[in-house]
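Participant: Mind looking over this structure? Questions follow.
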Amino acid sequence: MAKAKKSKKNENGEGTLRKRPNGTFEYRIIYDDEYGISKRKSFYGQSDIVCKEKAEKFLEILEKKKSGIDAEATIPEIVKEKCKMDLDKNYVHEQGYARNMYTVSIIEKSAIGKIPIAELTEVHIDLYLRSITDYSNSTIVKIYRMIRLAFKEAFNKGIIEKDIMLSSSLKCPKSDKKDKKVLALTKSEQQRLVDFLENYNAPQGRNEYTLQLLISLYSGMRMGEVNALKPENIDFEKGVIKVRSTVSRGENYRTFIKDGTKTYAGIRDIPIMEGLKSVLEKALEQVTENPYGLLFYDNINNKIINTSQVNCFFQRACEKCNIDSRGQHALRHTFATRCIEADIPAVVIKNWLGHTDIHITLDTYADVFNSMHNDSILKLDSYINKLANVS
């Protein structure tokens with residue numbers, strides 16, 4: 001048997017090399033782990049060079065760990081750490097963090113979610129991006145952004161030497177599915193729905209969501225904002241609803257009242273039109289005591305009402321009214337459509353809906369604005385004719 005030969009000392013401890021009976025080599029080192037505990041580790045290979053290369057790679061990874069860098073970190077691990085840091089620093093709130101964790105969970109289940117990011121290649125990422133086209137475009141974009149964020153963080157921390165996501169060949173894929181467009185109710189559909197809601201009586205032991213739906217229809221409020229309303233948010237003297245909070249969903253699907261709205265522009269005052277006033281008055285008459293002082297509360301199950309609950313009822317209402325099935329968000333679109341038909345300026349609609357930018361309003365309702373062109377031409381003709389008569 002060959003005598004064990006002592007090798008040169010490594011930066012992290014001594015190493016000894018020996019040839020094994022089967023002809024392979026063993027290189028053993030003593031090192032201090034990231035917690036300062038002295039340990040031994042052996043590396044095996046067909047030559048002493050292979051063994052030492054393995055030891056050097058191991059020690060390199062160890063040094064990175066000691067400096068706070070996990071060279072074996074995966075995409076989900078890197079993104080989770082970054083998202084948690086953003087949550088702790090209030091760059092995102094609980095509901096945003098929960099949405100991010102859902103996106104991470106999708107990557108976590110995949111092959112690239114289990115391989116250290118330092119070992120991932122363009123081929124790995126390309127194959128994965130090709131595999132997610134069965135998701136919706138909005139989900140795909142979130143997944144793609146998460147992967148890019150992970151590689152950016154890994155590069156900045158020195159875990160990887162090159163950010164492969166900057167490659168022009170790794171573009172965000174498109175979904176196989178068509179984007180679902182939320183359509184507003186037609187005038188006749190709206191009337192059928194209003195008639196149904198105004199005459200509906202909930203069966204014994206069930207919640208009634210008719211007033212929430214009517215408020216959304218007559219104000220354009222998001223359902224989370226409606227369910228977060230408190231009596232003090234309704235100011236009949238000034239003729240406005242003060243939108244100041246929303247129902248959100250956090251970690252583990254926890255439902256809670258979030259101070260503030262979906263966006264900073266969501267904090268707004270919405271004018272109370274006549275039809276809305278009677279609905280609000282009825283809601284105030286029916287309000288019951290609850291732990292959060294809310295206008296609407298699930299007293300049967302002793303919990304905050306979430307959007308899903310109202311949406312299930314809305315779907316049943318649509319079936320009863322012979323209206324194509326669509327989410328209750330259609331009521332917000334219906335309100336905006338009626339505003340456009342009534343010639344309300346886009347900038348005013350933007351403020352009522354709580355959009356952060358007028359381009360969101362114009363883009364979201366572009367079809368409705370375009371449909372109003374003919375009426376606008378007639379109005380312009382009429383105005384020019386009046387000017388001509390004056391002269």
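Identifiers for the structure tokens are assigned positionally: chains receive A, B, ... in sequence, residues are indexed from 1 per chain, and ligands are indexed from 1 in the order shown.
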Counting only C-alpha atoms, what is within 10 Å of stretch 359-363 of chain A, bar same-chain residues fewer than 5 positions away, as a PyMOL selection string?
Facilitator: chain A and resi 336+346-347+349-351+353-354+368-369
Participant: Can you work out which one of A:Leu229, A:Met165, A:Ala73, A:Leu276 has the shortest atom-to-atom distance to A:Phe151, counting only C-alpha atoms?
Facilitator: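 Distance minimum relative to A:Phe151 lands on A:Met165.
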Participant: Taking only C-alpha atoms into account, which of A:Gly224, A:Ser382, A:Lys242, A:Leu185 comes nearest A:Cys318?
Facilitator: A:Leu185
Participant: Just asking: which residues within stretch 36-245 of chain A are strand (DSSP E or B) according to DSSP, as a PyMOL selection string?
Facilitator: chain A and resi 38-45+234-235+240-243+245
Participant: Just checking: using only C-alpha atoms, which residue out of A:His329, A:His93, A:Ala184, A:Glu63 ends up closest to A:Asp32?
Facilitator: A:Glu63
Participant: Which one of A:Tyr144, A:Phe25, A:Phe196, A:Tyr35 sits closest to A:Cys321 if you count only C-alpha atoms?
Facilitator: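 So, comparing all the options, the nearest one is A:Phe196.
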Participant: Can you list, as an MDAnalysis selection string, every residue of stretch 104-270 of chain A that DSSP puts in helix (DSSP H, G or I)?
Facilitator: chainID A and resid 104:108 117:119 122:131 137:156 164:166 187:198 210:219 223:227 231:233 251:253 264:266
Participant: If we count only C-alpha atoms, what is near A:Lys66 at a cut-off of 12 Å, once residues fewer than 6 positions away on the same chain are taken out, given as an MDAnalysis selection string?
Facilitator: chainID A and resid 12 32:36 59:60
Participant: Take the residues that were just selected and, keeping N, CA, C and O atoms, output them as an mmCIF file, in the first residue's frame.
Facilitator:
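out-v4.cif, freshly written:
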data_model
loop_
_atom_site.group_PDB
_atom_site.id
_atom_site.type_symbol
_atom_site.label_atom_id
_atom_site.label_comp_id
_atom_site.auth_asym_id
_atom_site.auth_seq_id
_atom_site.Cartn_x
_atom_site.Cartn_y
_atom_site.Cartn_z
ATOM 1 N N ASN A 12 -7.616 26.574 4.732
ATOM 2 C CA ASN A 12 -8.543 26.276 5.805
ATOM 3 C C ASN A 12 -8.102 25.075 6.644
ATOM 4 O O ASN A 12 -8.832 24.578 7.461
ATOM 5 N N ASP A 32 -12.629 24.346 9.263
ATOM 6 C CA ASP A 32 -13.596 24.924 10.198
ATOM 7 C C ASP A 32 -14.839 25.326 9.418
ATOM 8 O O ASP A 32 -14.732 26.075 8.442
ATOM 9 N N ASP A 33 -15.999 24.807 9.830
ATOM 10 C CA ASP A 33 -17.223 25.151 9.100
ATOM 11 C C ASP A 33 -17.670 26.577 9.411
ATOM 12 O O ASP A 33 -16.975 27.305 10.147
ATOM 13 N N GLU A 34 -18.845 26.961 8.864
ATOM 14 C CA GLU A 34 -19.305 28.345 9.023
ATOM 15 C C GLU A 34 -19.632 28.699 10.467
ATOM 16 O O GLU A 34 -19.804 29.872 10.795
ATOM 17 N N TYR A 35 -19.720 27.678 11.326
ATOM 18 C CA TYR A 35 -20.003 27.919 12.741
ATOM 19 C C TYR A 35 -18.747 27.809 13.605
ATOM 20 O O TYR A 35 -18.820 27.834 14.830
ATOM 21 N N GLY A 36 -17.574 27.644 12.938
ATOM 22 C CA GLY A 36 -16.305 27.568 13.661
ATOM 23 C C GLY A 36 -15.996 26.196 14.228
ATOM 24 O O GLY A 36 -15.065 26.038 15.029
ATOM 25 N N LEU A 59 -13.905 24.280 -0.495
ATOM 26 C CA LEU A 59 -13.426 25.352 0.382
ATOM 27 C C LEU A 59 -13.856 26.730 -0.124
ATOM 28 O O LEU A 59 -14.127 27.634 0.667
ATOM 29 N N GLU A 60 -13.934 26.857 -1.442
ATOM 30 C CA GLU A 60 -14.385 28.126 -2.035
ATOM 31 C C GLU A 60 -15.845 28.389 -1.662
ATOM 32 O O GLU A 60 -16.218 29.512 -1.280
#
Participant: Smallest atom-to-atom distance to A:Glu122: which of A:Ile304, A:Leu213, A:Leu62, A:Ile164, using only C-alpha atoms?
Facilitator: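 Selected residue with least distance to A:Glu122: A:Ile164.
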Participant: Just checking: using only C-alpha atoms, which residue out of A:Asn389, A:Asn306, A:Gln328, A:Ser110 ends up closest to A:Arg249?
Facilitator: A:Asn306
Participant: Contacts of stretch 231-233 of chain A at 10 Å or less, counting only C-alpha atoms, minus same-chain residues fewer than 6 places along, as a list in words?
Facilitator: Val240, Ile241, Lys242, Val243, Arg244, Ser245, Asp269, Leu280, Ala283, Leu284, Val287, Gly293, Leu294, Leu295 and Phe296 of chain A
Participant: I want to know what sits within 8 Å of A:Arg222, based on only C-alpha atoms, with residues of the same chain fewer than 3 positions away left out; could you give that as a PyMOL selection string?
Facilitator: chain A and resi 216+225-226+329+332
Participant: Output N, CA, C and O atoms of each residue in that selection to a file, as an mmCIF file, in the first residue's frame.
Facilitator:
data_model
loop_
_atom_site.group_PDB
_atom_site.id
_atom_site.type_symbol
_atom_site.label_atom_id
_atom_site.label_comp_id
_atom_site.auth_asym_id
_atom_site.auth_seq_id
_atom_site.Cartn_x
_atom_site.Cartn_y
_atom_site.Cartn_z
ATOM 1 N N SER A 216 -70.853 48.329 -5.620
ATOM 2 C CA SER A 216 -69.800 48.243 -6.628
ATOM 3 C C SER A 216 -70.301 48.726 -7.980
ATOM 4 O O SER A 216 -69.603 49.450 -8.697
ATOM 5 N N GLU A 225 -62.622 46.803 -1.360
ATOM 6 C CA GLU A 225 -62.861 48.124 -0.781
ATOM 7 C C GLU A 225 -64.269 48.210 -0.203
ATOM 8 O O GLU A 225 -64.479 48.812 0.850
ATOM 9 N N VAL A 226 -65.233 47.595 -0.895
ATOM 10 C CA VAL A 226 -66.622 47.595 -0.407
ATOM 11 C C VAL A 226 -66.713 46.848 0.916
ATOM 12 O O VAL A 226 -67.329 47.316 1.882
ATOM 13 N N HIS A 329 -65.945 41.589 -10.864
ATOM 14 C CA HIS A 329 -65.173 42.768 -11.273
ATOM 15 C C HIS A 329 -65.834 43.445 -12.481
ATOM 16 O O HIS A 329 -65.565 44.611 -12.775
ATOM 17 N N ARG A 332 -67.440 46.799 -11.768
ATOM 18 C CA ARG A 332 -66.555 47.978 -11.811
ATOM 19 C C ARG A 332 -66.432 48.468 -13.255
ATOM 20 O O ARG A 332 -66.471 49.669 -13.514
#
Participant: Please compute the atom CA of A:Ser219-atom CA of A:Trp352 distance, one decimal, in Å.
Facilitator: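 Computing the Euclidean distance for atom CA of A:Ser219 and atom CA of A:Trp352 yields 7.8 Å.
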Participant: Applying 9 Å and only C-alpha atoms, which residues near A:Ile140 remain after dropping the ones on its own chain fewer than 3 positions away? List them as a PDB file with all heavy atoms, in the first residue's frame.
Facilitator:
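Result written to result20.pdb:
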ATOM      1  N   LEU A 129     -38.880  27.822 -19.321  1.00  0.00           N
ATOM      2  CA  LEU A 129     -39.747  28.873 -19.862  1.00  0.00           C
ATOM      3  C   LEU A 129     -40.697  28.313 -20.920  1.00  0.00           C
ATOM      4  O   LEU A 129     -41.844  28.752 -21.037  1.00  0.00           O
ATOM      5  CB  LEU A 129     -38.904  30.007 -20.446  1.00  0.00           C
ATOM      6  CG  LEU A 129     -38.082  30.825 -19.440  1.00  0.00           C
ATOM      7  CD1 LEU A 129     -37.247  31.875 -20.165  1.00  0.00           C
ATOM      8  CD2 LEU A 129     -38.979  31.494 -18.399  1.00  0.00           C
ATOM      9  N   ILE A 132     -43.944  26.597 -19.271  1.00  0.00           N
ATOM     10  CA  ILE A 132     -44.938  27.322 -18.467  1.00  0.00           C
ATOM     11  C   ILE A 132     -45.962  28.086 -19.307  1.00  0.00           C
ATOM     12  O   ILE A 132     -46.720  28.899 -18.778  1.00  0.00           O
ATOM     13  CB  ILE A 132     -44.259  28.310 -17.488  1.00  0.00           C
ATOM     14  CG1 ILE A 132     -43.426  29.361 -18.234  1.00  0.00           C
ATOM     15  CG2 ILE A 132     -43.400  27.566 -16.480  1.00  0.00           C
ATOM     16  CD1 ILE A 132     -42.872  30.452 -17.327  1.00  0.00           C
ATOM     17  N   THR A 133     -46.015  27.790 -20.594  1.00  0.00           N
ATOM     18  CA  THR A 133     -46.930  28.534 -21.468  1.00  0.00           C
ATOM     19  C   THR A 133     -48.397  28.176 -21.249  1.00  0.00           C
ATOM     20  O   THR A 133     -49.279  28.806 -21.833  1.00  0.00           O
ATOM     21  CB  THR A 133     -46.581  28.313 -22.955  1.00  0.00           C
ATOM     22  OG1 THR A 133     -46.565  26.903 -23.225  1.00  0.00           O
ATOM     23  CG2 THR A 133     -45.220  28.907 -23.285  1.00  0.00           C
ATOM     24  N   ASP A 134     -48.654  27.147 -20.428  1.00  0.00           N
ATOM     25  CA  ASP A 134     -50.050  26.813 -20.141  1.00  0.00           C
ATOM     26  C   ASP A 134     -50.628  27.688 -19.017  1.00  0.00           C
ATOM     27  O   ASP A 134     -51.821  27.627 -18.728  1.00  0.00           O
ATOM     28  CB  ASP A 134     -50.207  25.336 -19.787  1.00  0.00           C
ATOM     29  CG  ASP A 134     -49.309  24.901 -18.644  1.00  0.00           C
ATOM     30  OD1 ASP A 134     -48.296  25.595 -18.410  1.00  0.00           O
ATOM     31  OD2 ASP A 134     -49.608  23.890 -17.992  1.00  0.00           O
ATOM     32  N   TYR A 135     -49.775  28.494 -18.388  1.00  0.00           N
ATOM     33  CA  TYR A 135     -50.255  29.467 -17.407  1.00  0.00           C
ATOM     34  C   TYR A 135     -50.769  30.708 -18.138  1.00  0.00           C
ATOM     35  O   TYR A 135     -50.497  30.903 -19.326  1.00  0.00           O
ATOM     36  CB  TYR A 135     -49.131  29.887 -16.458  1.00  0.00           C
ATOM     37  CG  TYR A 135     -48.758  28.856 -15.421  1.00  0.00           C
ATOM     38  CD1 TYR A 135     -47.616  28.078 -15.569  1.00  0.00           C
ATOM     39  CD2 TYR A 135     -49.527  28.659 -14.281  1.00  0.00           C
ATOM     40  CE1 TYR A 135     -47.254  27.121 -14.620  1.00  0.00           C
ATOM     41  CE2 TYR A 135     -49.182  27.718 -13.323  1.00  0.00           C
ATOM     42  CZ  TYR A 135     -48.051  26.955 -13.498  1.00  0.00           C
ATOM     43  OH  TYR A 135     -47.710  26.019 -12.568  1.00  0.00           O
ATOM     44  N   SER A 136     -51.477  31.565 -17.424  1.00  0.00           N
ATOM     45  CA  SER A 136     -51.942  32.826 -18.019  1.00  0.00           C
ATOM     46  C   SER A 136     -50.749  33.761 -18.202  1.00  0.00           C
ATOM     47  O   SER A 136     -49.704  33.589 -17.566  1.00  0.00           O
ATOM     48  CB  SER A 136     -52.969  33.497 -17.108  1.00  0.00           C
ATOM     49  OG  SER A 136     -52.355  33.907 -15.889  1.00  0.00           O
ATOM     50  N   ASN A 137     -50.909  34.758 -19.067  1.00  0.00           N
ATOM     51  CA  ASN A 137     -49.819  35.712 -19.314  1.00  0.00           C
ATOM     52  C   ASN A 137     -49.405  36.445 -18.047  1.00  0.00           C
ATOM     53  O   ASN A 137     -48.226  36.695 -17.819  1.00  0.00           O
ATOM     54  CB  ASN A 137     -50.220  36.720 -20.396  1.00  0.00           C
ATOM     55  CG  ASN A 137     -49.989  36.179 -21.795  1.00  0.00           C
ATOM     56  OD1 ASN A 137     -48.963  35.577 -22.069  1.00  0.00           O
ATOM     57  ND2 ASN A 137     -50.952  36.371 -22.674  1.00  0.00           N
ATOM     58  N   ILE A 143     -43.631  34.884 -12.901  1.00  0.00           N
ATOM     59  CA  ILE A 143     -42.609  33.835 -12.788  1.00  0.00           C
ATOM     60  C   ILE A 143     -41.304  34.321 -13.411  1.00  0.00           C
ATOM     61  O   ILE A 143     -40.227  34.180 -12.826  1.00  0.00           O
ATOM     62  CB  ILE A 143     -43.073  32.537 -13.476  1.00  0.00           C
ATOM     63  CG1 ILE A 143     -44.267  31.938 -12.731  1.00  0.00           C
ATOM     64  CG2 ILE A 143     -41.935  31.523 -13.550  1.00  0.00           C
ATOM     65  CD1 ILE A 143     -44.931  30.774 -13.462  1.00  0.00           C
ATOM     66  N   TYR A 144     -41.408  34.891 -14.600  1.00  0.00           N
ATOM     67  CA  TYR A 144     -40.222  35.369 -15.327  1.00  0.00           C
ATOM     68  C   TYR A 144     -39.490  36.449 -14.523  1.00  0.00           C
ATOM     69  O   TYR A 144     -38.254  36.427 -14.411  1.00  0.00           O
ATOM     70  CB  TYR A 144     -40.654  35.918 -16.687  1.00  0.00           C
ATOM     71  CG  TYR A 144     -39.519  36.377 -17.571  1.00  0.00           C
ATOM     72  CD1 TYR A 144     -38.716  35.458 -18.239  1.00  0.00           C
ATOM     73  CD2 TYR A 144     -39.262  37.731 -17.739  1.00  0.00           C
ATOM     74  CE1 TYR A 144     -37.679  35.874 -19.052  1.00  0.00           C
ATOM     75  CE2 TYR A 144     -38.226  38.162 -18.557  1.00  0.00           C
ATOM     76  CZ  TYR A 144     -37.434  37.226 -19.217  1.00  0.00           C
ATOM     77  OH  TYR A 144     -36.402  37.657 -20.014  1.00  0.00           O
ATOM     78  N   ARG A 145     -40.250  37.363 -13.937  1.00  0.00           N
ATOM     79  CA  ARG A 145     -39.635  38.429 -13.139  1.00  0.00           C
ATOM     80  C   ARG A 145     -38.925  37.863 -11.917  1.00  0.00           C
ATOM     81  O   ARG A 145     -37.859  38.345 -11.522  1.00  0.00           O
ATOM     82  CB  ARG A 145     -40.697  39.436 -12.707  1.00  0.00           C
ATOM     83  CG  ARG A 145     -41.151  40.360 -13.831  1.00  0.00           C
ATOM     84  CD  ARG A 145     -42.279  41.257 -13.371  1.00  0.00           C
ATOM     85  NE  ARG A 145     -42.717  42.165 -14.425  1.00  0.00           N
ATOM     86  CZ  ARG A 145     -43.827  42.898 -14.361  1.00  0.00           C
ATOM     87  NH1 ARG A 145     -44.604  42.823 -13.280  1.00  0.00           N
ATOM     88  NH2 ARG A 145     -44.153  43.694 -15.360  1.00  0.00           N
ATOM     89  N   CYS A 172     -39.298  36.508 -22.136  1.00  0.00           N
ATOM     90  CA  CYS A 172     -40.493  36.059 -21.420  1.00  0.00           C
ATOM     91  C   CYS A 172     -41.453  35.410 -22.418  1.00  0.00           C
ATOM     92  O   CYS A 172     -41.804  36.008 -23.429  1.00  0.00           O
ATOM     93  CB  CYS A 172     -41.176  37.244 -20.745  1.00  0.00           C
ATOM     94  SG  CYS A 172     -42.623  36.781 -19.762  1.00  0.00           S
ATOM     95  N   PRO A 173     -41.867  34.158 -22.167  1.00  0.00           N
ATOM     96  CA  PRO A 173     -42.763  33.478 -23.109  1.00  0.00           C
ATOM     97  C   PRO A 173     -44.182  34.030 -23.063  1.00  0.00           C
ATOM     98  O   PRO A 173     -44.552  34.747 -22.141  1.00  0.00           O
ATOM     99  CB  PRO A 173     -42.721  32.021 -22.633  1.00  0.00           C
ATOM    100  CG  PRO A 173     -42.402  32.105 -21.179  1.00  0.00           C
ATOM    101  CD  PRO A 173     -41.513  33.309 -21.014  1.00  0.00           C
ATOM    102  N   LYS A 174     -44.948  33.662 -24.072  1.00  0.00           N
ATOM    103  CA  LYS A 174     -46.356  34.061 -24.148  1.00  0.00           C
ATOM    104  C   LYS A 174     -47.237  32.852 -23.843  1.00  0.00           C
ATOM    105  O   LYS A 174     -46.888  31.716 -24.135  1.00  0.00           O
ATOM    106  CB  LYS A 174     -46.694  34.598 -25.541  1.00  0.00           C
ATOM    107  CG  LYS A 174     -45.889  35.819 -25.960  1.00  0.00           C
ATOM    108  CD  LYS A 174     -46.317  37.039 -25.192  1.00  0.00           C
ATOM    109  CE  LYS A 174     -45.575  38.287 -25.679  1.00  0.00           C
ATOM    110  NZ  LYS A 174     -45.929  39.477 -24.898  1.00  0.00           N
ATOM    111  N   SER A 175     -48.382  33.113 -23.267  1.00  0.00           N
ATOM    112  CA  SER A 175     -49.297  32.041 -22.888  1.00  0.00           C
ATOM    113  C   SER A 175     -49.979  31.425 -24.104  1.00  0.00           C
ATOM    114  O   SER A 175     -50.196  32.081 -25.128  1.00  0.00           O
ATOM    115  CB  SER A 175     -50.366  32.584 -21.934  1.00  0.00           C
ATOM    116  OG  SER A 175     -51.329  31.597 -21.640  1.00  0.00           O
TER     117      SER A 175
END
